[in-house]
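Engineer: If it helps, the file is called my_file_16.cif and holds mmCIF, C-alpha atoms and all ligand atoms:
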data_target
#
loop_
_atom_site.label_atom_id
_atom_site.label_comp_id
_atom_site.auth_asym_id
_atom_site.auth_seq_id
_atom_site.Cartn_x
_atom_site.Cartn_y
_atom_site.Cartn_z
CA MET A 927 -13.31 -7.53 22.82
CA PRO A 928 -15.44 -6.19 19.94
CA SER A 929 -18.97 -7.55 20.10
CA SER A 930 -22.48 -6.41 19.41
CA SER A 931 -22.14 -4.13 22.45
CA SER A 932 -23.93 -0.83 22.79
CA ARG A 933 -20.66 1.09 22.55
CA PRO A 934 -20.51 3.72 19.81
CA VAL A 935 -18.82 2.39 16.68
CA ILE A 936 -15.63 3.89 15.27
CA LEU A 937 -14.30 3.34 11.80
CA THR A 938 -10.88 4.70 11.04
CA GLY A 939 -7.89 3.71 8.97
CA ASP A 940 -4.94 4.58 6.81
CA ARG A 941 -3.91 4.13 3.23
CA THR A 942 -1.16 1.51 2.91
CA THR A 943 1.15 3.82 0.96
CA GLY A 944 4.03 3.89 3.45
CA PRO A 945 4.84 3.49 7.10
CA LEU A 946 2.95 5.83 9.43
CA HIS A 947 4.51 9.06 10.60
CA LEU A 948 4.36 11.68 13.34
CA GLY A 949 1.38 13.35 11.61
CA HIS A 950 -0.62 10.17 12.09
CA TYR A 951 0.60 9.91 15.65
CA VAL A 952 -0.83 13.25 16.73
CA GLY A 953 -3.63 13.35 14.12
CA SER A 954 -5.29 10.03 14.86
CA LEU A 955 -3.22 7.24 16.42
CA ARG A 956 -3.11 8.69 19.93
CA ASN A 957 -6.86 9.10 19.86
CA ARG A 958 -7.44 5.55 18.68
CA VAL A 959 -5.40 4.07 21.52
CA THR A 960 -7.58 5.90 24.04
CA LEU A 961 -10.89 5.36 22.27
CA GLN A 962 -10.52 1.60 21.92
CA HIS A 963 -11.40 1.31 25.61
CA THR A 964 -14.76 3.03 25.27
CA HIS A 965 -15.78 2.30 21.67
CA GLU A 966 -16.21 -0.63 19.33
CA GLN A 967 -13.32 0.29 17.04
CA TYR A 968 -12.58 -0.96 13.52
CA VAL A 969 -9.29 0.09 11.93
CA LEU A 970 -8.98 -0.33 8.19
CA LEU A 971 -5.74 -0.99 6.32
CA ALA A 972 -6.94 0.84 3.22
CA ASP A 973 -5.06 -0.98 0.47
CA ALA A 974 -7.84 -0.58 -2.12
CA GLN A 975 -7.87 3.16 -1.52
CA ALA A 976 -4.07 3.24 -1.71
CA LEU A 977 -4.32 1.83 -5.24
CA THR A 978 -6.35 4.82 -6.40
CA ASP A 979 -3.12 6.76 -6.93
CA ASN A 980 -0.65 3.86 -6.94
CA ALA A 981 -1.93 1.57 -9.69
CA ASP A 982 1.59 1.38 -11.11
CA ASP A 983 3.05 0.09 -7.84
CA PRO A 984 0.84 -2.62 -6.32
CA ALA A 985 3.88 -4.17 -4.62
CA LYS A 986 4.29 -1.03 -2.53
CA VAL A 987 0.64 -1.12 -1.52
CA ARG A 988 0.89 -4.81 -0.52
CA ARG A 989 4.15 -4.41 1.39
CA ASN A 990 2.77 -1.52 3.39
CA VAL A 991 -0.22 -3.52 4.63
CA ILE A 992 2.24 -5.25 6.94
CA GLU A 993 4.22 -2.06 7.68
CA VAL A 994 1.10 -0.16 8.78
CA ALA A 995 -0.16 -3.17 10.76
CA LEU A 996 3.17 -3.15 12.63
CA ASP A 997 2.79 0.58 13.28
CA TYR A 998 -0.68 0.00 14.75
CA LEU A 999 0.50 -2.68 17.13
CA ALA A 1000 3.66 -0.79 18.08
CA ILE A 1001 1.69 2.34 18.93
CA GLY A 1002 -0.65 0.40 21.20
CA ILE A 1003 -3.70 -0.48 19.13
CA ASP A 1004 -4.64 -3.74 20.79
CA PRO A 1005 -6.23 -6.41 18.56
CA GLU A 1006 -8.13 -7.65 21.62
CA LEU A 1007 -9.83 -4.25 21.90
CA SER A 1008 -9.89 -3.10 18.26
CA THR A 1009 -10.52 -4.99 15.02
CA ILE A 1010 -7.83 -4.44 12.39
CA CYS A 1011 -9.10 -5.27 8.86
CA VAL A 1012 -7.54 -5.27 5.40
CA GLN A 1013 -9.94 -3.33 3.17
CA SER A 1014 -9.55 -5.54 0.08
CA ALA A 1015 -10.46 -8.63 2.12
CA LEU A 1016 -13.95 -7.23 2.75
CA LEU A 1017 -15.73 -7.60 -0.58
CA ALA A 1018 -18.90 -5.93 0.70
CA LEU A 1019 -16.96 -2.65 0.78
CA ALA A 1020 -16.27 -2.84 -2.96
CA GLU A 1021 -19.88 -3.77 -3.69
CA LEU A 1022 -21.23 -0.89 -1.64
CA THR A 1023 -18.81 1.53 -3.32
CA LEU A 1024 -20.16 0.56 -6.72
CA LEU A 1025 -23.71 0.96 -5.48
CA TYR A 1026 -23.03 4.36 -3.83
CA LEU A 1027 -21.47 5.77 -7.00
CA ASN A 1028 -25.00 5.89 -8.41
CA PHE A 1029 -26.03 8.22 -5.60
CA VAL A 1030 -23.39 10.91 -6.16
CA SER A 1031 -22.73 13.12 -9.18
CA VAL A 1032 -19.34 13.58 -10.84
CA ALA A 1033 -19.74 17.34 -10.29
CA ARG A 1034 -20.15 16.80 -6.52
CA LEU A 1035 -17.06 14.59 -6.41
CA GLU A 1036 -15.08 17.24 -8.28
CA ARG A 1037 -16.22 19.93 -5.84
CA ASN A 1038 -14.87 18.14 -2.76
CA PRO A 1039 -12.13 20.50 -1.44
CA THR A 1040 -9.94 17.65 -0.14
CA ILE A 1041 -10.02 15.91 -3.50
CA LYS A 1042 -9.27 19.19 -5.26
CA ASP A 1043 -6.22 19.79 -3.01
CA GLU A 1044 -4.98 16.25 -3.38
CA ILE A 1045 -5.35 16.32 -7.17
CA ARG A 1046 -3.28 19.48 -7.27
CA MET A 1047 -0.64 18.08 -4.89
CA ARG A 1048 -0.31 14.92 -6.96
CA GLY A 1049 -0.04 16.85 -10.22
CA PHE A 1050 -2.57 14.65 -12.04
CA GLY A 1051 -3.57 17.44 -14.39
CA ARG A 1052 -6.48 16.04 -16.40
CA ASP A 1053 -5.36 12.42 -15.95
CA ILE A 1054 -7.13 11.81 -12.67
CA PRO A 1055 -7.63 8.09 -12.01
CA ALA A 1056 -11.40 7.50 -11.82
CA GLY A 1057 -10.91 5.55 -8.61
CA PHE A 1058 -9.19 8.54 -7.04
CA LEU A 1059 -11.96 10.98 -7.89
CA CYS A 1060 -14.46 8.50 -6.49
CA TYR A 1061 -12.68 7.62 -3.26
CA PRO A 1062 -15.11 9.66 -1.10
CA ALA A 1063 -17.81 7.19 -2.17
CA ALA A 1064 -15.53 4.31 -1.19
CA GLN A 1065 -14.86 5.95 2.16
CA ALA A 1066 -18.62 6.38 2.65
CA ALA A 1067 -18.96 2.65 1.96
CA ASP A 1068 -16.31 1.88 4.59
CA ILE A 1069 -17.89 4.08 7.24
CA THR A 1070 -21.49 3.00 6.66
CA ALA A 1071 -20.71 -0.71 6.28
CA PHE A 1072 -19.62 -0.68 9.91
CA LYS A 1073 -22.47 1.71 10.84
CA ALA A 1074 -19.81 3.92 12.40
CA THR A 1075 -20.90 7.13 14.09
CA VAL A 1076 -17.44 8.38 15.07
CA VAL A 1077 -14.54 8.77 12.64
CA PRO A 1078 -11.25 9.99 14.19
CA VAL A 1079 -9.36 11.72 11.38
CA GLY A 1080 -7.04 14.59 10.62
CA ASP A 1081 -8.84 17.78 9.63
CA ASP A 1082 -8.03 17.24 5.93
CA GLN A 1083 -10.68 14.52 5.95
CA VAL A 1084 -13.63 16.59 7.22
CA PRO A 1085 -15.08 17.26 3.72
CA ILE A 1086 -15.05 13.51 3.09
CA ILE A 1087 -17.18 12.89 6.19
CA GLU A 1088 -19.58 15.63 5.08
CA GLN A 1089 -19.93 13.93 1.73
CA THR A 1090 -20.47 10.59 3.47
CA ASN A 1091 -23.36 12.10 5.43
CA GLU A 1092 -24.94 13.49 2.26
CA LEU A 1093 -24.83 9.98 0.82
CA VAL A 1094 -26.28 8.55 4.03
CA ARG A 1095 -29.23 10.97 3.90
CA ARG A 1096 -29.87 10.20 0.25
CA LEU A 1097 -29.72 6.43 0.79
CA ASN A 1098 -31.94 6.61 3.87
CA ARG A 1099 -34.50 8.66 1.93
CA GLN A 1100 -34.53 6.04 -0.81
CA ILE A 1101 -34.76 3.20 1.70
CA GLY A 1102 -37.56 4.99 3.58
CA HIS A 1103 -36.10 4.75 7.09
CA PRO A 1104 -32.82 5.74 8.81
CA LEU A 1105 -31.05 2.44 8.27
CA LEU A 1106 -27.61 4.10 8.17
CA PRO A 1107 -26.41 6.47 10.90
CA GLU A 1108 -24.65 9.74 10.13
CA ALA A 1109 -21.05 9.97 11.29
CA ARG A 1110 -19.08 12.74 12.90
CA ALA A 1111 -15.40 13.49 12.43
CA LEU A 1112 -13.42 13.47 15.63
CA ILE A 1113 -10.54 15.87 15.15
CA SER A 1114 -7.52 15.61 17.40
CA GLN A 1115 -6.34 18.57 19.43
CA THR A 1116 -3.31 19.07 17.23
CA GLY A 1117 -5.22 18.96 13.96
CA ARG A 1118 -2.87 18.86 11.04
CA LEU A 1119 0.87 18.48 11.58
CA PRO A 1120 2.94 20.28 8.91
CA GLY A 1121 5.75 18.49 7.10
CA VAL A 1122 9.36 19.00 8.17
CA ASP A 1123 9.65 21.26 5.08
CA GLY A 1124 6.98 23.54 6.57
CA ASP A 1125 4.48 22.40 3.96
CA ALA A 1126 0.87 22.37 5.13
CA LYS A 1127 0.70 18.63 5.88
CA MET A 1128 3.15 15.90 6.72
CA SER A 1129 2.26 13.22 4.23
CA LYS A 1130 3.64 9.81 3.29
CA SER A 1131 3.55 10.71 -0.39
CA GLN A 1132 5.29 14.11 -0.13
CA GLY A 1133 8.73 13.10 1.21
CA ASN A 1134 8.35 15.43 4.21
CA ALA A 1135 7.49 12.87 6.88
CA VAL A 1136 9.22 11.47 9.97
CA PRO A 1137 8.12 7.82 10.14
CA LEU A 1138 7.44 6.13 13.48
CA SER A 1139 10.28 3.76 12.56
CA ALA A 1140 12.86 6.57 12.14
CA SER A 1141 16.28 6.08 13.72
CA ASP A 1142 17.77 8.66 16.11
CA SER A 1143 20.01 10.05 13.35
CA GLU A 1144 17.10 10.30 10.87
CA ILE A 1145 15.11 12.22 13.49
CA ALA A 1146 18.04 14.59 14.11
CA ALA A 1147 18.43 15.17 10.35
CA ALA A 1148 14.69 15.88 9.95
CA VAL A 1149 14.75 18.46 12.76
CA GLN A 1150 17.83 20.10 11.20
CA ARG A 1151 15.82 20.59 7.98
CA MET A 1152 13.00 22.44 9.75
CA TYR A 1153 12.44 26.12 9.08
CA THR A 1154 12.45 28.50 11.98
CA ASP A 1155 12.13 32.26 11.55
CA PRO A 1156 14.24 33.24 8.48
CA ASN A 1157 14.96 36.65 10.09
CA HIS A 1158 16.27 35.10 13.31
CA LEU A 1159 19.92 35.04 12.32
CA ARG A 1160 21.70 35.39 15.68
CA ALA A 1161 20.61 33.88 18.99
CA SER A 1162 20.33 37.39 20.40
CA ASP A 1163 17.84 38.53 17.69
CA PRO A 1164 14.14 38.58 18.59
CA GLY A 1165 12.38 35.75 16.73
CA GLN A 1166 8.89 34.90 15.54
CA VAL A 1167 7.06 32.00 17.13
CA GLU A 1168 3.93 31.96 14.93
CA GLY A 1169 4.38 29.69 11.91
CA ASN A 1170 7.77 28.54 13.24
CA VAL A 1171 7.81 24.82 12.46
CA VAL A 1172 9.98 23.91 15.46
CA PHE A 1173 7.50 25.54 17.84
CA ILE A 1174 4.55 23.85 16.10
CA TYR A 1175 6.25 20.54 16.81
CA LEU A 1176 7.10 21.47 20.40
CA ASP A 1177 3.42 22.34 20.93
CA ALA A 1178 2.46 18.93 19.56
CA PHE A 1179 5.04 16.76 21.33
CA ASP A 1180 6.60 18.50 24.33
CA PRO A 1181 4.72 17.38 27.45
CA ASP A 1182 6.08 20.35 29.45
CA VAL A 1183 3.63 23.05 28.31
CA GLU A 1184 4.98 25.64 30.76
CA ALA A 1185 8.55 25.19 29.63
CA VAL A 1186 7.46 25.67 26.01
CA ALA A 1187 5.62 28.88 26.97
CA ASP A 1188 8.85 30.14 28.61
CA LEU A 1189 10.88 29.23 25.53
CA LYS A 1190 8.43 31.11 23.33
CA ALA A 1191 8.73 34.22 25.48
CA GLN A 1192 12.52 33.98 25.43
CA TYR A 1193 12.59 33.45 21.65
CA ARG A 1194 10.37 36.50 21.08
CA ARG A 1195 12.60 38.63 23.32
CA GLY A 1196 15.82 37.39 21.78
CA GLY A 1197 18.49 35.29 23.45
CA LEU A 1198 17.41 31.79 22.40
CA GLY A 1199 19.24 30.23 19.47
CA ASP A 1200 17.74 27.90 16.87
CA MET A 1201 20.35 25.24 17.66
CA ALA A 1202 19.29 24.98 21.31
CA LEU A 1203 15.64 24.87 20.31
CA LYS A 1204 16.25 22.15 17.75
CA ARG A 1205 18.29 20.13 20.24
CA ARG A 1206 15.35 20.13 22.62
CA LEU A 1207 12.93 19.03 19.89
CA THR A 1208 15.33 16.33 18.67
CA ASN A 1209 15.54 14.86 22.19
CA ILE A 1210 11.77 14.90 22.61
CA LEU A 1211 11.07 13.27 19.25
CA GLN A 1212 13.76 10.65 19.84
CA ALA A 1213 12.24 9.81 23.22
CA THR A 1214 8.75 9.60 21.64
CA ILE A 1215 9.77 7.37 18.75
CA ALA A 1216 12.38 5.07 20.39
CA PRO A 1217 9.93 2.79 22.26
CA ILE A 1218 7.62 2.62 19.23
CA ARG A 1219 10.52 1.72 16.94
CA GLU A 1220 11.76 -0.96 19.33
CA ARG A 1221 8.32 -2.57 19.74
CA ARG A 1222 7.87 -2.42 15.97
CA ALA A 1223 11.17 -4.24 15.37
CA ALA A 1224 10.29 -6.96 17.89
CA LEU A 1225 6.83 -7.49 16.37
CA GLY A 1226 8.34 -7.64 12.87
CA ARG A 1227 10.26 -10.76 13.87
CA ASP A 1228 7.01 -12.78 14.01
CA PRO A 1229 5.24 -12.26 10.64
CA ASP A 1230 2.99 -15.31 11.21
CA ALA A 1231 1.44 -13.65 14.24
CA ILE A 1232 0.65 -10.56 12.12
CA MET A 1233 -0.98 -12.70 9.43
CA ASP A 1234 -3.06 -14.52 12.07
CA MET A 1235 -4.23 -11.20 13.49
CA LEU A 1236 -5.21 -10.00 10.00
CA ARG A 1237 -7.16 -13.20 9.33
CA THR A 1238 -9.07 -12.84 12.58
CA GLY A 1239 -9.78 -9.18 11.79
CA ALA A 1240 -11.00 -10.03 8.27
CA LYS A 1241 -13.38 -12.63 9.66
CA ARG A 1242 -14.94 -10.19 12.13
CA GLY A 1243 -15.01 -7.40 9.55
CA ARG A 1244 -16.67 -9.62 6.93
CA ALA A 1245 -19.46 -10.61 9.28
CA ILE A 1246 -20.51 -7.05 10.02
CA THR A 1247 -20.03 -5.55 6.53
CA GLU A 1248 -21.86 -8.40 4.76
CA GLN A 1249 -24.79 -7.97 7.10
CA THR A 1250 -25.02 -4.22 6.44
CA LYS A 1251 -24.75 -4.80 2.70
CA GLU A 1252 -27.70 -7.21 2.83
CA GLU A 1253 -29.74 -4.71 4.83
CA ILE A 1254 -29.04 -1.97 2.27
CA ILE A 1255 -29.84 -4.14 -0.73
CA THR A 1256 -33.05 -5.33 0.93
CA GLY A 1257 -33.88 -1.76 2.01
CA LEU A 1258 -33.49 -0.49 -1.54
CA GLY A 1259 -35.68 -3.32 -2.79
CA LEU A 1260 -33.14 -4.64 -5.28
CA PHE A 1261 -33.38 -8.10 -6.81
CA ARG A 1262 -31.92 -10.98 -4.76
CA LEU A 1263 -31.56 -14.51 -6.03
P1 LIG B 1301 -0.84 9.75 1.60
O1 LIG B 1301 0.20 10.81 1.37
O2 LIG B 1301 -0.53 8.44 0.96
O3 LIG B 1301 -2.25 10.20 1.34
P2 LIG B 1301 -1.11 10.40 4.36
O4 LIG B 1301 0.16 10.70 5.04
O5 LIG B 1301 -1.98 11.53 3.91
O6 LIG B 1301 -0.76 9.43 3.16
P3 LIG B 1301 -3.42 8.85 5.01
O7 LIG B 1301 -3.33 7.39 5.10
O8 LIG B 1301 -3.98 9.47 3.77
O9 LIG B 1301 -1.95 9.46 5.27
O10 LIG B 1301 -4.20 9.45 6.27
C1 LIG B 1301 -4.63 8.66 7.33
C2 LIG B 1301 -5.16 9.48 8.47
O11 LIG B 1301 -4.12 10.23 9.08
C3 LIG B 1301 -6.21 10.52 8.05
O12 LIG B 1301 -7.18 10.58 9.06
C4 LIG B 1301 -5.44 11.80 7.99
O13 LIG B 1301 -6.27 12.90 8.23
C5 LIG B 1301 -4.45 11.61 9.14
N1 LIG B 1301 -3.23 12.38 8.85
C6 LIG B 1301 -2.38 12.17 7.83
N2 LIG B 1301 -1.40 13.09 7.84
C7 LIG B 1301 -1.62 13.89 8.91
C8 LIG B 1301 -0.96 15.04 9.46
N3 LIG B 1301 0.13 15.54 8.91
N4 LIG B 1301 -1.48 15.64 10.57
C9 LIG B 1301 -2.60 15.14 11.14
N5 LIG B 1301 -3.27 14.07 10.67
C10 LIG B 1301 -2.81 13.44 9.57
MG MG B 1302 -3.74 11.14 2.58
#
Please lay out the structure from this file as C-alpha cells.
Ligand code: ATP
Ligand code: MG

Structural biologist:
Amino acid sequence: MPSSSSRPVILTGDRTTGPLHLGHYVGSLRNRVTLQHTHEQYVLLADAQALTDNADDPAKVRRNVIEVALDYLAIGIDPELSTICVQSALLALAELTLLYLNFVSVARLERNPTIKDEIRMRGFGRDIPAGFLCYPAAQAADITAFKATVVPVGDDQVPIIEQTNELVRRLNRQIGHPLLPEARALISQTGRLPGVDGDAKMSKSQGNAVPLSASDSEIAAAVQRMYTDPNHLRASDPGQVEGNVVFIYLDAFDPDVEAVADLKAQYRRGGLGDMALKRRLTNILQATIAPIRERRAALGRDPDAIMDMLRTGAKRGRAITEQTKEEIITGLGLFRL
C-alpha cells in the first residue's frame, strides 16, 4: 500500500492516445509490475499531455483513459501496490507546469532531441501546438510533484528526464536548498521496440503497433507484415539477422534464449525459411497477449470498479502533489493569501 514509506518513489505513465501495445509491454510495463513491490509507485494516465497533439479529438483522449487503465490492471499493475492517477484530476500538476515554464527558454525546448523527432514524425511543420513544445516542462512538473527519483521509461524519453533535472537544479538554486530531488531514467533491457513496419519505434500514433488487446488473427496479420531480410528469398539462402524485425521481436519476447541463438545461426547459414520463423513468433506473441486480453475483457465488464479505483488514485495523488506545490511556492517566496 502506498504510504509515506522510505521506499524510493517512481513516477511513470502513458499518454491516453490509444490502448497500450507491445512496445509499452517491454519498454515499461514489465518493469512497473516488478518495481511496485519495492517502490512507492505512481502511474499517471496522461490525458492532459495527450491533448497537446490531439486538441481536435478530446473524445479519443477521454475514452482512452479507461482503455489504458484497463491495460494497466490486465498487465498486473495492482492498485493496492501502485497508485493510478488521472493527470487532469491533479490540478497542482497544471499549476506547476505554468510555474516551470518561466524557468526554461523556448530555445531549450526547441533543442530537445525527442521533441524535435516527434515534431518531425507528426508533420507539424511550423504549426506546433504550444502545449506540445512545452510538454517537457509538464513532465518535469509530474515527476517533481511526486518527488520521484526513478522514472521507468523507453529510451526515447531520456532527453526529457535530462531536461527535468536541469529544471530541478534551477528551481533548487532559486529556492536555496535541494527541495526537489533529481530523477533518473530506468531503461528496460529491450529499450525501444520497433514498429511492425520496421520503423524505429512502435507507437500508438503511427499505425504500426500491436495492442495488448489484439486478437489472435490480428497478431498473425501483424507478424505477416514484418520485414525480414529482403535478400532472403528462398529458405535455403543465407539470411541476415541484424536489423531483421522478426529476430528483434524474438529477442524481446521468446523466453527460450538458447533456441533463438540456434535459429539465428541456422538463418545465417541458410536453411530456415521466413514462414517458419514467423510462425514461431506468432505463437509466442499470441501466448503473451491472450491472458492479458482475457483479463482486460473481464475487467471491462465492471466500469464502476474502474471509476472507483480512479477516484481513490486521484485522492492519494492530490494529497501528495498539493503538498509539493505548497512547498515550492513557499520555497520560492511567492505571495500566498
Ligand atoms: P504516442 O504515439 O501517442 O506518443 P506512444 O506509443 O509513444 O504513444 P507514450 O504514451 O508516448 O506511447 O509512451 C509511454 C511510455 O512507453 C514511454 O515511457 C515510452 O518511452 C514507452 N514506449 C512507447 N513506445 C515504446 C516502444 N516502442 N518501445 C519501448 N518503449 C516504448
Ligand atoms: Mg509517445

Engineer: If you measure from atom O10 of ligand LIG 1301 (chain B) to CA of Ile1001 in chain A, what distance in Å do you get, rounded to one decimal?

Structural biologist: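 It comes out at 15.7 Å.
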
Engineer: Ranking A:Glu1092, A:Asp1043, A:Asp1200, A:Asp1182 by minimum distance to ligand MG 1302 (chain B) and counting only C-alpha atoms and all ligand atoms, which one comes first?

Structural biologist: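 Counting only C-alpha atoms and all ligand atoms, the residue closest to ligand MG 1302 (chain B) is A:Asp1043.
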
Engineer: To one decimal place, how far is CA of Lys1130 in chain A from CA of Ala1224 in chain A in Å?

Structural biologist: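 Computed distance, CA of Lys1130 in chain A to CA of Ala1224 in chain A, equals 23.2 Å.
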
Engineer: Could you give me, as a CSV table (one decimal) with C-alpha atoms, in the coordinates of the input, every polymer residue with an atom at most 10 Å away from an atom of ligand MG 1302 (chain B), counting all atoms listed in the file?

Structural biologist:
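Once everything was written out, this is out_30.csv:
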chain,number,residue,atom,x,y,z
A,940,ASP,CA,-4.9,4.6,6.8
A,941,ARG,CA,-3.9,4.1,3.2
A,942,THR,CA,-1.2,1.5,2.9
A,943,THR,CA,1.2,3.8,1.0
A,975,GLN,CA,-7.9,3.2,-1.5
A,976,ALA,CA,-4.1,3.2,-1.7
A,1040,THR,CA,-9.9,17.6,-0.1
A,1041,ILE,CA,-10.0,15.9,-3.5
A,1044,GLU,CA,-5.0,16.2,-3.4
A,1080,GLY,CA,-7.0,14.6,10.6
A,1082,ASP,CA,-8.0,17.2,5.9
A,1083,GLN,CA,-10.7,14.5,6.0
A,1127,LYS,CA,0.7,18.6,5.9
A,1128,MET,CA,3.2,15.9,6.7
A,1129,SER,CA,2.3,13.2,4.2
A,1130,LYS,CA,3.6,9.8,3.3
A,1131,SER,CA,3.6,10.7,-0.4
A,1132,GLN,CA,5.3,14.1,-0.1

Engineer: Quick one: of A:Asn1209, A:Asn990, A:Gln1065, A:Thr1009, who's nearest to Arg1237 in chain A, counting all atoms listed in the file?

Structural biologist: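 Using all atoms listed in the file, Arg1237 in chain A sits closest to A:Thr1009.
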
Engineer: Which residue, A:Asp997, A:Glu1248, A:Asp1004, A:Asp1068, has the smallest gap to Leu1225 in chain A when you use all atoms listed in the file?

Structural biologist: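 Nearest to Leu1225 in chain A: A:Asp997.
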
Engineer: Which is closer to Ala1071 in chain A than all the others in A:Ser1141, A:Thr960, A:Asn1038, A:Thr1090, using only C-alpha atoms?

Structural biologist: A:Thr1090

Engineer: Quick one, how far is CA of Leu1203 in chain A from CA of Arg1160 in chain A?

Structural biologist: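 Those two atoms sit 13.0 Å apart.
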
Engineer: Could you rebuild range 1217-1231 of chain A with N, CA, C and O atoms and give it back as a PDB file, in the coordinates of the input?

Structural biologist:
ATOM      1  N   PRO A1217      10.653   3.999  21.821  1.00  0.00           N
ATOM      2  CA  PRO A1217       9.930   2.790  22.260  1.00  0.00           C
ATOM      3  C   PRO A1217       9.031   2.213  21.170  1.00  0.00           C
ATOM      4  O   PRO A1217       8.861   0.989  21.082  1.00  0.00           O
ATOM      5  N   ILE A1218       8.477   3.090  20.331  1.00  0.00           N
ATOM      6  CA  ILE A1218       7.620   2.620  19.230  1.00  0.00           C
ATOM      7  C   ILE A1218       8.474   1.815  18.242  1.00  0.00           C
ATOM      8  O   ILE A1218       8.112   0.709  17.829  1.00  0.00           O
ATOM      9  N   ARG A1219       9.632   2.383  17.916  1.00  0.00           N
ATOM     10  CA  ARG A1219      10.520   1.720  16.940  1.00  0.00           C
ATOM     11  C   ARG A1219      10.974   0.359  17.471  1.00  0.00           C
ATOM     12  O   ARG A1219      11.002  -0.628  16.739  1.00  0.00           O
ATOM     13  N   GLU A1220      11.267   0.297  18.772  1.00  0.00           N
ATOM     14  CA  GLU A1220      11.760  -0.960  19.330  1.00  0.00           C
ATOM     15  C   GLU A1220      10.657  -2.028  19.356  1.00  0.00           C
ATOM     16  O   GLU A1220      10.876  -3.176  18.998  1.00  0.00           O
ATOM     17  N   ARG A1221       9.444  -1.615  19.746  1.00  0.00           N
ATOM     18  CA  ARG A1221       8.320  -2.570  19.740  1.00  0.00           C
ATOM     19  C   ARG A1221       8.056  -3.057  18.319  1.00  0.00           C
ATOM     20  O   ARG A1221       7.771  -4.225  18.074  1.00  0.00           O
ATOM     21  N   ARG A1222       8.127  -2.120  17.376  1.00  0.00           N
ATOM     22  CA  ARG A1222       7.870  -2.420  15.970  1.00  0.00           C
ATOM     23  C   ARG A1222       8.863  -3.487  15.466  1.00  0.00           C
ATOM     24  O   ARG A1222       8.489  -4.453  14.798  1.00  0.00           O
ATOM     25  N   ALA A1223      10.140  -3.298  15.817  1.00  0.00           N
ATOM     26  CA  ALA A1223      11.170  -4.240  15.370  1.00  0.00           C
ATOM     27  C   ALA A1223      10.923  -5.618  15.964  1.00  0.00           C
ATOM     28  O   ALA A1223      11.036  -6.638  15.277  1.00  0.00           O
ATOM     29  N   ALA A1224      10.536  -5.665  17.235  1.00  0.00           N
ATOM     30  CA  ALA A1224      10.290  -6.960  17.890  1.00  0.00           C
ATOM     31  C   ALA A1224       9.098  -7.662  17.236  1.00  0.00           C
ATOM     32  O   ALA A1224       9.147  -8.852  16.934  1.00  0.00           O
ATOM     33  N   LEU A1225       8.024  -6.909  16.985  1.00  0.00           N
ATOM     34  CA  LEU A1225       6.830  -7.490  16.370  1.00  0.00           C
ATOM     35  C   LEU A1225       7.124  -7.992  14.958  1.00  0.00           C
ATOM     36  O   LEU A1225       6.574  -9.008  14.515  1.00  0.00           O
ATOM     37  N   GLY A1226       7.998  -7.283  14.255  1.00  0.00           N
ATOM     38  CA  GLY A1226       8.340  -7.640  12.870  1.00  0.00           C
ATOM     39  C   GLY A1226       9.048  -8.980  12.775  1.00  0.00           C
ATOM     40  O   GLY A1226       9.116  -9.575  11.707  1.00  0.00           O
ATOM     41  N   ARG A1227       9.555  -9.479  13.897  1.00  0.00           N
ATOM     42  CA  ARG A1227      10.260 -10.760  13.870  1.00  0.00           C
ATOM     43  C   ARG A1227       9.283 -11.946  13.876  1.00  0.00           C
ATOM     44  O   ARG A1227       9.703 -13.085  13.750  1.00  0.00           O
ATOM     45  N   ASP A1228       7.991 -11.681  14.014  1.00  0.00           N
ATOM     46  CA  ASP A1228       7.010 -12.780  14.010  1.00  0.00           C
ATOM     47  C   ASP A1228       5.891 -12.498  12.991  1.00  0.00           C
ATOM     48  O   ASP A1228       4.754 -12.211  13.359  1.00  0.00           O
ATOM     49  N   PRO A1229       6.226 -12.601  11.677  1.00  0.00           N
ATOM     50  CA  PRO A1229       5.240 -12.260  10.640  1.00  0.00           C
ATOM     51  C   PRO A1229       4.001 -13.163  10.686  1.00  0.00           C
ATOM     52  O   PRO A1229       2.898 -12.723  10.333  1.00  0.00           O
ATOM     53  N   ASP A1230       4.155 -14.412  11.159  1.00  0.00           N
ATOM     54  CA  ASP A1230       2.990 -15.310  11.210  1.00  0.00           C
ATOM     55  C   ASP A1230       1.934 -14.767  12.168  1.00  0.00           C
ATOM     56  O   ASP A1230       0.734 -14.883  11.908  1.00  0.00           O
ATOM     57  N   ALA A1231       2.387 -14.189  13.263  1.00  0.00           N
ATOM     58  CA  ALA A1231       1.440 -13.650  14.240  1.00  0.00           C
ATOM     59  C   ALA A1231       0.661 -12.486  13.620  1.00  0.00           C
ATOM     60  O   ALA A1231      -0.545 -12.324  13.865  1.00  0.00           O
TER      61      ALA A1231
END
